[in-house]
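Below is one structure, written out as structure tokens; comments come after it.
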Amino acid sequence: MAVGKEKIIELKNITKTYDNGFTAVSDFNLYVKRGEFITFLGPSGCGKTTTLRMIAGFELPSSGTILLDGKNIADLPPYERPINTVFQRYALFPHMNIYENIAFGLRQKKMPEDVISKKVKKVLDLVDLEGFEKRSVSTLSGGQQQRIAIARALVNEPEILLLDEPLGALDLKMRKEMQLELKEMHRNLGITFIYVTHDQEEALTMSDTIVVMSEGRIQQIGTPEDIYNEPKNAFVADFIGESNIFNGIMTGKLRARFCGGEFACVDDIEEGTLITAVVRPEDVIITAPEDGTIRGHVTSVIFKGIHYEITVESGKSEMLVQSVRSQKVGDYVGMKVDPDNIHIMIAEDHTNYFAADINAEHRLEYNNKVLDTSVTKIIPGSKRDASGNIIDSRGDVIDPTKTKIMIAIQPQDIQMTDQVDEGLVDGHISNLIYKGDHYSYVIHTDIEQDFIVDDEYLWNMGDHVGLIMPIEKMSFSLKK
Amino acid sequence: MIKKFSTLFIVLVLVFMYAPILILMAYSFTSATTIGAIRGFSLHNYVTLFTTPDLRNMIFGTVLLALVSATLATILGTMGAIGAFYSSRKVDSFISTMNQIPVVNADVVTGFSICILLVVVFGVSKDTFIPLVVGHVTLCAPFVYLSVVPKLKQMDPSIYEAALDLGATPPVALRKIVIPQIASGIVSGFALAVTLSLDDYFVATYTKPATFDTISTYVVNATKGAQTTIKTALWALSTVIFVVVILVVAVANLRADREEERAGA
Amino acid sequence: MNVFRFSRKTLGIPYALFLLLFVVAPLIVLFYYAFTNGQGQFTIANFTGFFSDPNTLGTLCYSFAIALVTTLVCLMIAYPTAYILAKSNLKKKSVLVMLFIMPMWINFSLRITALKEILTLIEGNLAYYPFVNAVCGMTYDFLPFMILPLYNTISKLDDSLIEAAKDLGANERAAFFKITLPLSVPGIISGVSMVFLPAMTNYVVLDMLYNSTYIMGSLIGSYFAAYNWHGGSMIALILLAIICAFTLLTRGMEDDDQTIGGALL
């Protein structure tokens with residue numbers, strides 16, 4: 001059945017704040033059309049399950065309305081909503097057999113026994129478990145329990161079926177099978193499915209519409225193709241598929257500078273605008289050094305079955321490339337990207353990100369300068385053991401040669417100085433924009449990393465400056 | 001509405017459970033001989049409690065008995081649990097079934113049957129304290145067994161093998177690897193054994209020497225008599241035990257909290 | 001070659017022997033004594049005597065009555081208590097739960113002494129309501145043993161099962177009676193088994209509250225006092241039969257890790 005035109009459910013300005021002050025969902029607005037397969041996608045803790053539970057009625061929104069066929073159901077208890085849920089760990093009743101489990105909802109509606117038994121038989125057929133009526137829950141495999149959980153919900157003929165990471169507990173092969181079956185069921189039944197998952201591949205495969213969420217907010221709503229090809233921001237680009245994400249700046253009409261090179265692009269954005277550029281690994285073409293827009297040395301090659309995953313280090317930036325042809329580690333190569341395949345977004349924040357190494361003394365090092373901070377303070381839960389190794393919260397030893405620390409610092413927290421040696425890093429001013437009460441500078445360093453610095457005083461293009469970055473203004477995260 | 005009713009219910013149950021103990025506690029600090037009478041503050045019950053040789057011996061004897069039989073029960077029960085856990089399924093279920101008998105059995109029956117076997121059949125004198133200690137070990141060891149077995153089940157079975165692989169002999173692997181892993185079960189088993197022994201009346205009645213009394217047997221006999229000084233001294237004893245229990249619980253809770261905090265940090 | 005090779009299994013031998021000697025052997029002796037007379041001749045007189053004497057049959061009935069009423073009263077108080085505790089989301093829930101468990105660690109004879117003083121104050125003379133006093137004393141003594149297994153079972157219930165029931169159209173009431181209550185049956189059985197049998201045999205509670213009616217435990221006590229091992233053994237055997245019947249009836253309905261007594265740990 002095709003997706004209808006009418007809205008079956010609409011969430012308006014939904015916010016959920018818990019007693020302890022934690023806001024799980026804020027200002028959530030969404031409508032779902034009848035017969036649609038919609039997926040809430042996001043990392044754990046992004047609020048997707050909370051939203052689902054509010055639709056089901058297990059939790060009440062702190063504010064906002066939920067309209068089902070135009071009627072507000074936000075305060076209705078779950079047993080009065082024509083909506084059924086498939087739970088993450090199935091939640092089958094252990095003291096009832098399969099028949100009783102499936103019949104439970106129908107019995108609440110006081111249906112006659114002969115109707116119940118017909119419906120149970122029919123829905124067991126649907127999930128391919130004919131003749132399982134008398135079996136007990138504990139004798140079923142995970143996949144079978146999953147089917148029973150679906151059957152138990154579907155037998156009530158709900159208007160909307162909610163699925164809370166229903167395939168999370170299954171192994172990979174089983175999961176793939178169930179994905180196809182669920183999709184098939186959705187097509188045949190014409191019921192609206194609202195699906196929650198953190199698995200982007202699952203979302204892309206199954207959904208008509210994907211809602212990408214992060215930190216309680218909707219990041220993007222769109223078809224799988226839209227979400228993949230035209231991510232709205234860096235979070236979506238990073239979460240969906242593999243991506244190379246760079247900070248950069250528009251340097252001319254349809255020209256953008258990032259990753260140490262100047263690329264032609266198709267997005268018409270005003271010159272001087274700070275941007276985030278996304279390039280999918282499969283869209284990078286490896287060329288001879290002289291033919292590439294940028295150049296670098298191959299640092300790793302991993303065989304992945306259908307393609308090779310190649311990492312090329314260009315200046316201080318890394319580019320991940322997927323290619324059917326292998327390269328040798330250490331080779332000097334060029335890289336180019338078709339302008340169509342460069343996705344450019346106007347940068348929302350201008351935070352500078354750069355990666356620092358951990359040296360032999362377990363100190364942070366960047367640009368051959370040591371930062372006076374301890375690694376154990378940066379990595380949450382880590383400590384030093386008796387032999388001087390650093391152990392993370394799970395008790396695994398952190399290998400300093402394989403670990404990098406991402407440092408983030410805001411443009412207004414960096415100071416420019418004439419004394420170039422005093423800075424953590426030095427470079428030349430390559431761009432400046434007047435922003436009303438301050439200037440925004442782009443400093444191009446010799447190690448191919450651009451920094452964005454806000455300063456109220458006017459410096460000149462091309463000035464050689466050192467950048468002073470106070471450690472207390474930095475925030476750190478572990479880069480795997 | 002429901003919440004208020006719940007709170008009220010919980011409070012009423014707590015009142016039922018604690019009012020007698022707390023009222024007795026208050027009266028233990030007066031010279032009154034019955035509850036309800038109003039008399040002045042006095043510590044004479046505590047003086048009686050700690051100076052009457054009979055009472056002192058009885059308390060000391062009860063505690064000593066509890067410590068000795070709990071120690072024996074812990075050693076036996078722990079060894080039994082480890083042995084059964086690593087034995088064939090048949091042997092394991094045989095030992096577990098035997099272990100379950102004293103647990104489900106009425107204490108009266110346990111005490112009486114041990115008395116018949118040791119005293120009547122084998123002619124062991126009760127004055128040797130052997131029947132009493134055997135009785136208390138029989139009472140307590142099954143609970144030690146029951147508190148150690150779950151810890152063995154939770155343990156990763158390959159760590160023992162890892163120890164052998166790294167060159168430890170079986171006794172060393174057992175002492176250095178297995179025992180530390182199940183230590184919490186052993187400790188809680190011991191604590192349970194101590195409280196069971198302290199609380200026992202029936203096994204002691206049927207197996208103790210005539211001249212020896214535990215707190216339970218002493219209190220039961222004392223309530224039948226009319227000696228008010230002893231009766232009110234027992235109020236003081238009840239207060240002392242209550243305070244000790246509260247202190248132990250508080251310390252254990254605080255330590256658990258602190259460990260949790262450390263684990264969380 | 002070393003004949004005795006250390007193995008983890010051998011650790012179980014001492015405990016297995018101990019159990020055979022002090023748990024199984026006494027029961028065999030008990031059986032033997034129950035079916036013999038003073039001259040060592042086989043007889044079923046003890047058995048027929050018990051079931052033909054109106055006094056002993058009356059005792060059996062009175063024990064059942066006390067045990068039944070005590071168990072029901074405990075259940076009525078303990079189930080709501082355990083349910084409220086398990087469902088509350090207080091930060092210091094463990095402390096509250098501890099409050100309900102703590103009386104278990106205070107010597108029961110001292111607690112009954114305290115209760116006796118209160119009851120005397122309320123009723124004036126304990127002789128007026130012997131049955132009520134007995135039930136009150138037993139409830140006071142055994143309540144924590146009922147609350148604990150119920151609390152363990154209810155707090156382990158998966159919330160998503162109740163959510164699933166509501167999702168499928170069950171209101172609060174239906175969800176409780178169709179899901180929560182059936183799933184707490186293992187806890188109810190544990191609790192009942194920890195209260196019912198002791199209530200049939202713990203005659204000291206009755207003694208201390210001046211209830212002179214016999215229950216099953218008192219019979220063993222009086223045979224013991226009269227050195228009649230044969231009669232006492234028969235009573236013990238009948239109690240064992242009751243325990244066996246209860247265990248068989250409820251087999252398979254309990255949690256794995258919450259057998260009788262296991263809930264205490």
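Residues are named by chain letter and number: chains run A, B, ... in the order of the structure tokens, numbers start at 1 in each chain, and ligands are numbered from 1 in the order shown.
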
Could you list the residues in chain C lying within 7 Å of chain B, using only C-alpha atoms, and format the result as a ChimeraX atom specification?
-> /C:8-12,15-16,19,22,26-27,29-30,81,84,105-111,114-115,117-118,121,140,197-198,201,208,217,236,260-262,265

Arg325 (chain A): which residues within 12 Å, counting only C-alpha atoms, same-chain residues fewer than 4 positions away excluded, as a PyMOL selection string?
-> chain A and resi 282+285-287+301-310+321

Phe263 (chain A): which residues within 10 Å, counting only C-alpha atoms, same-chain residues fewer than 2 positions away excluded, as a list in words?
->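 Those residues are Met250, Thr251, Leu254, Arg255, Ala256, Arg257, Phe258, Cys259, Gly260, Gly261, Cys265, Thr293, Ile294, Lys336, Val337, Asp338, Pro339 and Ile342 of chain A.
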
Residues of the last selection are to be written out with N, CA and C atoms, as a tab-separated table (two decimals), in the first residue's frame.
chain	number	residue	atom	x	y	z
A	250	MET	N	34.83	29.51	1.89
A	250	MET	CA	34.60	29.78	0.47
A	250	MET	C	35.64	30.80	0.02
A	251	THR	N	36.32	30.47	-1.09
A	251	THR	CA	37.40	31.35	-1.53
A	251	THR	C	37.06	32.08	-2.82
A	254	LEU	N	31.86	29.43	-6.41
A	254	LEU	CA	31.89	27.98	-6.58
A	254	LEU	C	33.28	27.40	-6.31
A	255	ARG	N	33.99	28.07	-5.40
A	255	ARG	CA	35.30	27.51	-5.03
A	255	ARG	C	35.39	27.48	-3.50
A	256	ALA	N	35.86	26.34	-3.00
A	256	ALA	CA	35.98	26.20	-1.55
A	256	ALA	C	37.35	25.67	-1.20
A	257	ARG	N	37.88	26.16	-0.06
A	257	ARG	CA	39.19	25.69	0.35
A	257	ARG	C	39.02	24.84	1.62
A	258	PHE	N	39.49	23.60	1.55
A	258	PHE	CA	39.50	22.72	2.73
A	258	PHE	C	40.50	21.60	2.50
A	259	CYS	N	40.88	20.94	3.52
A	259	CYS	CA	41.83	19.82	3.46
A	259	CYS	C	43.11	20.22	2.70
A	260	GLY	N	43.51	21.47	2.86
A	260	GLY	CA	44.76	21.91	2.26
A	260	GLY	C	44.72	22.09	0.75
A	261	GLY	N	43.54	22.19	0.18
A	261	GLY	CA	43.47	22.41	-1.26
A	261	GLY	C	42.26	23.24	-1.61
A	265	CYS	N	33.26	23.50	-6.56
A	265	CYS	CA	32.06	22.90	-6.01
A	265	CYS	C	30.84	23.47	-6.71
A	293	THR	N	43.94	17.46	-6.95
A	293	THR	CA	43.71	18.78	-6.35
A	293	THR	C	44.57	18.89	-5.08
A	294	ILE	N	44.66	17.78	-4.36
A	294	ILE	CA	45.54	17.72	-3.19
A	294	ILE	C	46.40	16.48	-3.31
A	336	LYS	N	41.40	13.78	-6.29
A	336	LYS	CA	40.45	14.79	-6.73
A	336	LYS	C	39.03	14.31	-6.48
A	337	VAL	N	38.11	15.27	-6.46
A	337	VAL	CA	36.70	14.95	-6.18
A	337	VAL	C	35.86	15.69	-7.20
A	338	ASP	N	34.92	15.00	-7.79
A	338	ASP	CA	33.99	15.62	-8.73
A	338	ASP	C	33.18	16.69	-7.99
A	339	PRO	N	33.04	17.89	-8.56
A	339	PRO	CA	32.34	18.98	-7.84
A	339	PRO	C	30.95	18.56	-7.35
A	342	ILE	N	30.94	17.02	-3.77
A	342	ILE	CA	31.34	17.76	-2.59
A	342	ILE	C	30.09	18.42	-2.03

Which of region 57-263 of chain B counts as alpha helix (DSSP H) under DSSP, as JSON, numbers by chain please?
-> {"B": [57, 58, 59, 60, 61, 62, 63, 64, 65, 66, 67, 68, 69, 70, 71, 72, 73, 74, 75, 76, 77, 78, 79, 80, 81, 82, 83, 84, 85, 89, 90, 91, 92, 93, 94, 95, 96, 97, 98, 99, 100, 101, 102, 103, 104, 107, 108, 109, 110, 111, 112, 113, 114, 115, 130, 131, 132, 133, 134, 135, 136, 137, 138, 139, 140, 141, 142, 143, 144, 145, 146, 147, 148, 149, 150, 151, 152, 153, 154, 158, 159, 160, 161, 162, 163, 164, 165, 170, 171, 172, 173, 179, 180, 181, 182, 183, 184, 185, 186, 187, 188, 189, 190, 191, 192, 193, 194, 195, 196, 197, 198, 199, 202, 203, 204, 205, 206, 207, 215, 216, 217, 218, 219, 220, 221, 222, 223, 224, 228, 229, 230, 231, 232, 233, 234, 235, 236, 237, 238, 239, 240, 241, 242, 243, 244, 245, 246, 247, 248, 249, 250, 251, 252, 253, 254, 255, 256, 257, 258, 259, 260, 261, 262, 263]}

Residues of chain A that have any atom at most 9 Å from an atom of chain C: could you tabulate them with the shortest-distance atom pair and the distance in Å to one decimal, using only C-alpha atoms, ordered by chain and increasing number, as CSV?
residue,atom,partner,partner_atom,distance
A:Ala56,CA,C:Asp167,CA,7.2
A:Gly57,CA,C:Asp167,CA,8.1
A:Phe58,CA,C:Glu163,CA,6.9
A:Pro77,CA,C:Lys166,CA,8.1
A:Pro78,CA,C:Asp167,CA,5.2
A:Tyr79,CA,C:Gly169,CA,3.9
A:Glu80,CA,C:Gly169,CA,6.5
A:Arg81,CA,C:Asp167,CA,7.8
A:Pro82,CA,C:Gly169,CA,8.8
A:Ile83,CA,C:Asp167,CA,7.4
A:Asn84,CA,C:Asp167,CA,5.8
A:Thr85,CA,C:Asp167,CA,6.7
A:Val86,CA,C:Ala164,CA,8.4
A:Phe87,CA,C:Ser160,CA,7.5
A:Arg89,CA,C:Ser160,CA,8.5
A:Tyr90,CA,C:Ser160,CA,8.5
A:Ala91,CA,C:Leu161,CA,5.0
A:Leu92,CA,C:Leu161,CA,6.8
A:Phe93,CA,C:Leu161,CA,6.5
A:Pro94,CA,C:Leu183,CA,8.1
A:His95,CA,C:Leu183,CA,6.9
A:Phe104,CA,C:Leu168,CA,7.0
A:Gly105,CA,C:Leu168,CA,4.5
A:Leu106,CA,C:Leu168,CA,8.0
A:Arg107,CA,C:Gly169,CA,8.9
A:Gln108,CA,C:Gly169,CA,5.8
A:Lys109,CA,C:Gly169,CA,7.4
A:Arg152,CA,C:Leu168,CA,8.4
A:Ala153,CA,C:Leu168,CA,7.2
A:Asn156,CA,C:Leu168,CA,7.6

Go through A:Asp114, A:Asp171, A:Glu10, A:Asp331 and flag the residue nearest Leu67 (chain A), using only C-alpha atoms for the distances.
->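 The answer is A:Glu10, which sits nearest to Leu67 (chain A).
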
Choose the residue, out of A:Gly462, A:Gly330, A:Gly42, A:Gly427, that has the smallest atom-to-atom separation from Ile210 (chain A); count only C-alpha atoms.
->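 Looking at the shortest contact to Ile210 (chain A), the residue is A:Gly42.
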
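A straight line drawn from CA of His136 (chain B) to CA of Met194 (chain C) is 19.1 Å long.
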
Would you work out the distance separating CA of Tyr32 (chain C) from CA of Val195 (chain C), expressed in Å to one decimal?
->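 If I compute the distance from CA of Tyr32 (chain C) to CA of Val195 (chain C), I get 29.0 Å.
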
Nearest candidate to Ala210 (chain B) (options B:Gly123, B:Arg89, B:Leu132, B:Ala26; using only C-alpha atoms) =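 Closest candidate: B:Leu132.
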
Name the residues in contact with Pro470 (chain A) at a cut-off of 9 Å, using only C-alpha atoms, excluding same-chain residues fewer than 3 positions from it; report them as a count of residues only.
-> 5

For Lys183 (chain A), which residue out of A:Glu59, A:Glu36, A:Asp267, A:Asp463 is the nearest one, using only C-alpha atoms?
->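 The closest residue to Lys183 (chain A) is A:Glu36.
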